[in-house]
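Here the structure comes first, spelled out in C-alpha cells, and everything after it is commentary.
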Amino acid sequence: MKLILAIVSNDDASSVSAALTKENYSVTRLATTGGFLRAGNTTMIVGTEDDKVDHCIEIIGNESKRRTEIVPSTASYDIGRYASFPVEVQVGGATIFVLNVEDFRKL
Ligand code: 2BA
C-alpha cells in the first residue's frame, strides 16, 4: 500500500477531491501553507493500493494542470495616475510525494 501526499492550489482542491472521490479513492484534505510564498494551499492525503498509484496521480494531474491566468497587478503610478495592469501568472500544478505504508488499520 502507498500513501500519496499531493500539494495543490486551493483553487484546484475541490475539483481534485471530487474527481478522486468519484473514482472511489478515500481522500483527506488538509489546509496547509507553503513555506516560500506563505500562502494557503491544500494537501491531499490518499491511501491506496500500489497498482492504483499511477491512476490516482493522473486524476490529480488532470484537475490541477499548470496554466497561465491574467490577473490585475498591484496598482502602480504611471502617466500621471495610478493604474492597474493585467499580468500573466502561472497557477495550478501539484507537488506529489508517494510513500510506502508499513501498516494500515481501521479500528
Ligand atoms: P511549487 O514548487 O509548485 O510548490 C508549491 C508548493 O508545494 C510549495 O509552496 C510547498 O507548499 C509545496 N512543496 C513544493 N516542494 C516541496 C518539497 N520539496 N517539500 C515540501 N513541500 C513542497 P511554496 O513553498 O509557497 O512555494 C511556491 C512556489 O514558489 C513553488 O512552487 C516554487 O515555484 C517557488 N519556490 C519555492 N521555494 C523556493 C525557493 N527556495 N526559491 C525560489 N523559488 C521557490
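Ordered as shown in the C-alpha cells, chains take letters A, B, and onward, while each chain numbers its residues from 1 and ligands are numbered from 1 in the order shown.
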
>> I'd like the contact shell of Asp12 of chain A - 7 Å cut-off, only C-alpha atoms, skipping same-chain residues fewer than 2 positions apart - returned as a PyMOL selection string.
In response: chain A and resi 8-10+14-16+63-64+92

> Can you tell me which residues sit at most 6 Å away from ligand 1, counting only C-alpha atoms and all ligand atoms, written as a PyMOL selection string?
Replying inline: chain A and resi 7+33-39+95

>> Set the distance at 8 Å and use only C-alpha atoms: which residues neighbour Pro86 of chain A once local chain neighbours fewer than 4 positions away are removed? I'd like the list as a list in words.
In response: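 Listing them by chain and then by number gives Ile70, Val71, Pro72 and Ser73 of chain A.
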
Output file for the residues above (N, CA and C atoms, as an mmCIF file, in the first residue's frame):
```cif
data_model
loop_
_atom_site.group_PDB
_atom_site.id
_atom_site.type_symbol
_atom_site.label_atom_id
_atom_site.label_comp_id
_atom_site.auth_asym_id
_atom_site.auth_seq_id
_atom_site.Cartn_x
_atom_site.Cartn_y
_atom_site.Cartn_z
ATOM 1 N N ILE A 70 -4.595 35.564 -16.417
ATOM 2 C CA ILE A 70 -4.359 37.010 -16.426
ATOM 3 C C ILE A 70 -5.012 37.595 -15.181
ATOM 4 N N VAL A 71 -4.211 38.252 -14.351
ATOM 5 C CA VAL A 71 -4.766 38.875 -13.135
ATOM 6 C C VAL A 71 -4.338 40.344 -13.082
ATOM 7 N N PRO A 72 -5.120 41.179 -12.416
ATOM 8 C CA PRO A 72 -4.712 42.577 -12.293
ATOM 9 C C PRO A 72 -3.479 42.672 -11.407
ATOM 10 N N SER A 73 -2.486 43.440 -11.834
ATOM 11 C CA SER A 73 -1.284 43.623 -10.997
ATOM 12 C C SER A 73 -1.619 44.649 -9.920
#
```

> How many Å separate atom CA of Thr68 of chain A from atom CA of Thr21 of chain A?
Replying inline: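 Pair atom CA of Thr68 of chain A / atom CA of Thr21 of chain A returns 26.8 Å.
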
> What does the distance from atom CA of Leu99 of chain A to atom CA of Ala31 of chain A come to in Å, to one decimal?
Replying inline: 20.0 Å

>> Considering only helix (DSSP H, G or I) as DSSP defines it on the backbone, what residues of chain A qualify? List them as a ChimeraX atom specification.
In response: /A:10-22,50-63

Would you save the residues of that selection, restricted to C-alpha atoms, as a tab-separated table (two decimals), in the first residue's frame?
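The resulting file, result25.tsv, is reproduced below:
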```
chain	number	residue	atom	x	y	z
A	10	ASN	CA	-6.66	25.96	-3.09
A	11	ASP	CA	-8.37	26.83	-6.40
A	12	ASP	CA	-7.98	23.23	-7.62
A	13	ALA	CA	-8.60	21.45	-4.31
A	14	SER	CA	-12.35	20.94	-4.70
A	15	SER	CA	-12.18	19.53	-8.23
A	16	VAL	CA	-9.22	17.26	-7.34
A	17	SER	CA	-11.05	15.97	-4.28
A	18	ALA	CA	-14.33	15.47	-6.17
A	19	ALA	CA	-12.63	13.62	-9.04
A	20	LEU	CA	-10.76	11.29	-6.65
A	21	THR	CA	-13.88	10.57	-4.61
A	22	LYS	CA	-15.84	9.83	-7.80
A	50	ASP	CA	0.28	0.06	-5.26
A	51	ASP	CA	-1.31	-0.64	-8.65
A	52	LYS	CA	-3.63	2.37	-8.37
A	53	VAL	CA	-0.96	4.98	-7.69
A	54	ASP	CA	-0.43	5.98	-11.34
A	55	HIS	CA	-4.18	6.29	-11.94
A	56	CYS	CA	-4.58	8.42	-8.82
A	57	ILE	CA	-1.72	10.73	-9.88
A	58	GLU	CA	-3.23	11.01	-13.36
A	59	ILE	CA	-6.52	12.22	-11.86
A	60	ILE	CA	-4.72	14.76	-9.65
A	61	GLY	CA	-2.74	15.99	-12.67
A	62	ASN	CA	-5.85	16.33	-14.85
A	63	GLU	CA	-7.59	18.51	-12.26
```

>> For Val46 of chain A, find every residue with an atom within 10 Å (counting only C-alpha atoms), except residues of its own chain fewer than 5 positions away, and show them as a list in words.
In response: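 Close residues of Val46 of chain A: Lys2, Leu3, Ile4, Leu5, Ala6, Ser17, Leu20, Tyr25, Ser26, Val27, Thr28, Arg29, Val53, Cys56 and Val98 of chain A.
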
Keeping N, CA and C atoms, export the residues of the selection given above as a CSV table (one decimal), in the first residue's frame.
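Result went into result09.csv, see below:
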```
chain,number,residue,atom,x,y,z
A,2,LYS,N,0.4,2.3,-0.6
A,2,LYS,CA,1.1,3.6,-0.7
A,2,LYS,C,0.3,4.7,-0.1
A,3,LEU,N,1.0,5.8,0.3
A,3,LEU,CA,0.3,7.0,0.8
A,3,LEU,C,0.8,8.1,-0.1
A,4,ILE,N,-0.2,8.7,-0.8
A,4,ILE,CA,0.1,9.8,-1.7
A,4,ILE,C,-0.2,11.1,-1.0
A,5,LEU,N,0.8,12.0,-1.0
A,5,LEU,CA,0.6,13.4,-0.4
A,5,LEU,C,0.7,14.3,-1.6
A,6,ALA,N,-0.4,15.0,-1.9
A,6,ALA,CA,-0.4,15.9,-3.1
A,6,ALA,C,-0.7,17.3,-2.6
A,17,SER,N,-10.4,16.8,-5.3
A,17,SER,CA,-11.1,16.0,-4.3
A,17,SER,C,-12.3,15.3,-4.8
A,20,LEU,N,-11.3,12.5,-7.3
A,20,LEU,CA,-10.8,11.3,-6.6
A,20,LEU,C,-11.9,10.5,-6.0
A,25,TYR,N,-11.6,6.8,-4.5
A,25,TYR,CA,-10.4,6.9,-3.6
A,25,TYR,C,-10.9,7.6,-2.4
A,26,SER,N,-10.3,7.2,-1.2
A,26,SER,CA,-10.6,7.9,0.0
A,26,SER,C,-9.6,9.0,0.1
A,27,VAL,N,-10.1,10.2,0.5
A,27,VAL,CA,-9.2,11.4,0.4
A,27,VAL,C,-9.4,12.2,1.7
A,28,THR,N,-8.3,12.7,2.3
A,28,THR,CA,-8.3,13.6,3.4
A,28,THR,C,-7.7,14.9,3.0
A,29,ARG,N,-8.4,16.0,3.2
A,29,ARG,CA,-7.8,17.3,2.8
A,29,ARG,C,-7.3,18.0,4.0
A,53,VAL,N,-1.7,3.7,-7.9
A,53,VAL,CA,-1.0,5.0,-7.7
A,53,VAL,C,-0.9,5.8,-9.0
A,56,CYS,N,-4.3,7.3,-9.8
A,56,CYS,CA,-4.6,8.4,-8.8
A,56,CYS,C,-3.8,9.7,-9.2
A,98,VAL,N,5.1,10.1,-2.9
A,98,VAL,CA,4.5,8.7,-2.7
A,98,VAL,C,5.3,8.0,-1.7
```

> If you run DSSP on the backbone, which residues of chain A are strand (DSSP E), as a count of residues only?
Replying inline: 49

> Can you tell me how far atom CA of Val89 of chain A sits from atom CA of Arg67 of chain A, in Å to one decimal?
Replying inline: 8.3 Å
